Amino acid sequence: MKLLKTALVCTFAIGTSVALPSLVSMLPGVTLGSVYAQEQKTTKVPALREKVYSQLARAQKLADDGDTTAGLEALDSIKERSSSMNSYEIAMMHNFYGFIYYNENDLPKAIAAFEKVIAEEGIPETLRLSTTFSLAQLAMANSDYNKVIDFLAQWDAINTKPKTDAYYVLKSQAYYQLKDYQKGIDNINLAIAQSDSEGKQPKENWLVLQRAMYYSLNQTDNVVAVLERMVKLYNKPEYWVQLGGMYGETGKEKQQLAVLEAAYQQGFLTSKSDLRQLAQVYLYNGLAFKAADVMSKAIEAGVAEKSAKNYAFIAEAMIQAKEDEKSVSYFAKAADLSSHGKYEQRMAEVYVNLEKYEDAADAARKALDKGSLDFESNAYVALGMAQYSLQNFDASILAFEQAEKHKKSQRLAEQWIKYVKREKLHAETLRTALL
């Protein structure tokens, strides 16, 4: 039952920003002393000389103390003498340019600087690997999704260790933004499968991403499966509501009812749209009184508006619950808020069923006076039936004659006219005989 297509499109949206790690964790070498110490132990790269080290350390301290301009000027001074520097020293210089630009949130310049780092041949492979991966992260933060894929491909080409879930997640995010949902889902599934195989709980935002792409691929059964897992793992109101909506979309009305009712009992349904959805689901599943109760409580709590539409919903639910008497007051409230006579017409029909014929006649006349009725003939039929029951035969015949003009009620009106005329004749004969 597609009662309400939940706002999955908006709630599935994945932000383009990426929570990047701190500078210390993002790239090796942010603490220059540790870089120098590491360099002394390796024989695979050129030496980082004491003179260059001290100059880079001075630039770092200026930047760390908050004087970015002075830090950049110090690096520019070093750069002017770069012709005398070896490959590793040049790479470390660009490394610190990148750090400073990153701290200043100048992502394009940070990316350009770190690209120069990996362009140098004489650097440790660990630095090349971590910088390349960080470039992919920075490209993601800069909304350059094709570059994310390119940097990850470069990283993959030099990486010799098993891929981490961070790799698959980042790649999946980029493909999602590029609307290549199949490649995106392939990668996030690998991240989640890896987490599952290690006995870990997948991160919530991974499941959000997985759900979003399954929805974009119109794989509703998979969306349901992901939401079922999210409900179990995180028990958040929005996941219960979305799962109920998806059950409705996939024709699982009983499961939809069970989920939404459980969410309601936990106090998770608080918005007017959520409560109206629950009321509609109750009504669809034959629980009309519960539907009316949910909507009336929502109005009393000020969550749902005191509108004609909402009052009419409660009234119609009351009728389905065989609570005709209770429906009248809600139809009356709806009628007071409406310029048309549709709700007075419904009141007239209910009053006829309740055998309150004076009230039925009054309501039918009000409906016809206000007008704008979808089925004007119904108001005349109700009026005719009420007048007949009050033994106002001539008025009843007049009402049915008006109903007869409408094709929808023509045959019924003709039958009633014949019947009322016979009853009128019978009553007149009986009255004459009693005189």
# chains A, B, ... in the order shown; residues from 1 in each chain; ligands from 1
>>> residues_around(residues="Gln265 (chain A)", least_positions_apart="6", cutoff="12 Å", atoms="only C-alpha atoms", output="ChimeraX atom specification")
/A:237,240,258-259,275,278,294
>>> closest_residue(among="A:Lys232, A:Lys163, A:Lys252, A:Arg422", to="Asp394 (chain A)", atoms="only C-alpha atoms")
A:Arg422
>>> select_by_dssp(residues="region 162-410 of chain A", states="alpha helix (DSSP H)", output="MDAnalysis selection string")
chainID A and resid 165:177 181:197 204:216 220:234 237:249 253:265 272:284 288:300 308:320 324:336 342:353 357:370 376:389 393:404 410
>>> residues_around(residues="Ala382 (chain A)", least_positions_apart="6", cutoff="8 Å", atoms="only C-alpha atoms", output="CSV table (one decimal) with all heavy atoms, in the first residue's frame")
chain,number,residue,atom,x,y,z
A,348,ALA,N,-26.1,15.1,6.7
A,348,ALA,CA,-27.5,14.8,6.4
A,348,ALA,C,-27.6,13.3,6.2
A,348,ALA,O,-28.6,12.7,6.7
A,348,ALA,CB,-27.9,15.5,5.1
A,349,GLU,N,-26.7,12.7,5.5
A,349,GLU,CA,-26.7,11.2,5.3
A,349,GLU,C,-26.6,10.5,6.6
A,349,GLU,O,-27.3,9.5,6.8
A,349,GLU,CB,-25.6,10.9,4.3
A,349,GLU,CG,-25.8,11.4,2.9
A,349,GLU,CD,-24.6,11.4,2.0
A,349,GLU,OE1,-23.5,11.0,2.6
A,349,GLU,OE2,-24.6,11.7,0.9
A,352,VAL,N,-29.8,10.7,8.6
A,352,VAL,CA,-30.8,9.8,8.1
A,352,VAL,C,-30.6,8.4,8.7
A,352,VAL,O,-31.6,7.7,9.1
A,352,VAL,CB,-30.8,9.7,6.5
A,352,VAL,CG1,-31.7,8.6,6.0
A,352,VAL,CG2,-31.3,11.1,5.9
A,360,ALA,N,-31.5,15.9,9.7
A,360,ALA,CA,-31.1,15.5,8.4
A,360,ALA,C,-31.6,16.5,7.4
A,360,ALA,O,-30.9,16.9,6.5
A,360,ALA,CB,-31.6,14.1,8.1
A,361,ALA,N,-32.9,16.9,7.5
A,361,ALA,CA,-33.4,17.8,6.5
A,361,ALA,C,-32.7,19.2,6.6
A,361,ALA,O,-32.4,19.8,5.6
A,361,ALA,CB,-34.9,18.0,6.8
A,364,ALA,N,-29.3,18.9,5.0
A,364,ALA,CA,-29.3,18.8,3.6
A,364,ALA,C,-29.6,20.2,3.0
A,364,ALA,O,-29.0,20.5,2.0
A,364,ALA,CB,-30.4,17.8,3.2
>>> residues_around(residues="region 310-323 of chain A", least_positions_apart="5", cutoff="6 Å", atoms="only C-alpha atoms", output="ChimeraX atom specification")
/A:288-289,292,330-331,334
>>> residues_around(residues="Asp362 (chain A)", least_positions_apart="4", cutoff="10 Å", atoms="only C-alpha atoms", output="PyMOL selection string")
chain A and resi 344-345+347-348+351+357-358+366-367+383+386
>>> atom_distance(atom1="CA of His94 (chain A)", atom2="CA of Ala113 (chain A)")
5.3 Å
>>> residues_around(residues="Leu62 (chain A)", least_positions_apart="6", cutoff="12 Å", atoms="only C-alpha atoms", output="count of residues only")
12
>>> atom_distance(atom1="CA of Ala332 (chain A)", atom2="CA of Lys272 (chain A)")
22.3 Å
>>> atom_distance(atom1="CA of Tyr343 (chain A)", atom2="CA of Val328 (chain A)")
9.6 Å
>>> decode(residues="region 281-321 of chain A", atoms="C-alpha atoms", output="JSON list (two decimals), in the first residue's frame")
[["chain", "number", "residue", "atom", "x", "y", "z"],
["A", 281, "VAL", "CA", -2.48, 2.73, 7.86],
["A", 282, "TYR", "CA", -4.90, 1.98, 10.70],
["A", 283, "LEU", "CA", -7.83, 2.93, 8.46],
["A", 284, "TYR", "CA", -6.57, 0.81, 5.57],
["A", 285, "ASN", "CA", -6.19, -2.20, 7.85],
["A", 286, "GLY", "CA", -9.72, -1.92, 9.19],
["A", 287, "LEU", "CA", -8.77, -0.32, 12.51],
["A", 288, "ALA", "CA", -10.93, 2.72, 11.95],
["A", 289, "PHE", "CA", -11.47, 3.67, 15.59],
["A", 290, "LYS", "CA", -7.69, 3.67, 16.19],
["A", 291, "ALA", "CA", -7.30, 5.85, 13.09],
["A", 292, "ALA", "CA", -9.77, 8.36, 14.48],
["A", 293, "ASP", "CA", -8.14, 8.22, 17.92],
["A", 294, "VAL", "CA", -4.63, 8.92, 16.59],
["A", 295, "MET", "CA", -5.79, 11.88, 14.53],
["A", 296, "SER", "CA", -7.96, 13.39, 17.27],
["A", 297, "LYS", "CA", -5.10, 13.13, 19.80],
["A", 298, "ALA", "CA", -2.74, 14.75, 17.28],
["A", 299, "ILE", "CA", -5.15, 17.68, 16.95],
["A", 300, "GLU", "CA", -5.58, 17.97, 20.72],
["A", 301, "ALA", "CA", -1.80, 18.00, 21.17],
["A", 302, "GLY", "CA", -1.45, 20.79, 18.61],
["A", 303, "VAL", "CA", 0.62, 18.61, 16.28],
["A", 304, "ALA", "CA", -2.04, 18.40, 13.57],
["A", 305, "GLU", "CA", -4.04, 21.43, 12.47],
["A", 306, "LYS", "CA", -7.67, 22.01, 13.39],
["A", 307, "SER", "CA", -8.54, 21.84, 9.72],
["A", 308, "ALA", "CA", -11.63, 20.74, 7.86],
["A", 309, "LYS", "CA", -9.62, 17.97, 6.20],
["A", 310, "ASN", "CA", -8.46, 16.51, 9.51],
["A", 311, "TYR", "CA", -11.87, 16.75, 11.16],
["A", 312, "ALA", "CA", -13.47, 15.09, 8.13],
["A", 313, "PHE", "CA", -10.88, 12.29, 8.29],
["A", 314, "ILE", "CA", -11.86, 11.58, 11.90],
["A", 315, "ALA", "CA", -15.56, 11.72, 11.02],
["A", 316, "GLU", "CA", -15.23, 9.25, 8.14],
["A", 317, "ALA", "CA", -13.12, 6.94, 10.34],
["A", 318, "MET", "CA", -15.84, 7.06, 13.01],
["A", 319, "ILE", "CA", -18.42, 6.02, 10.41],
["A", 320, "GLN", "CA", -16.25, 3.07, 9.37],
["A", 321, "ALA", "CA", -15.97, 2.19, 13.05]]
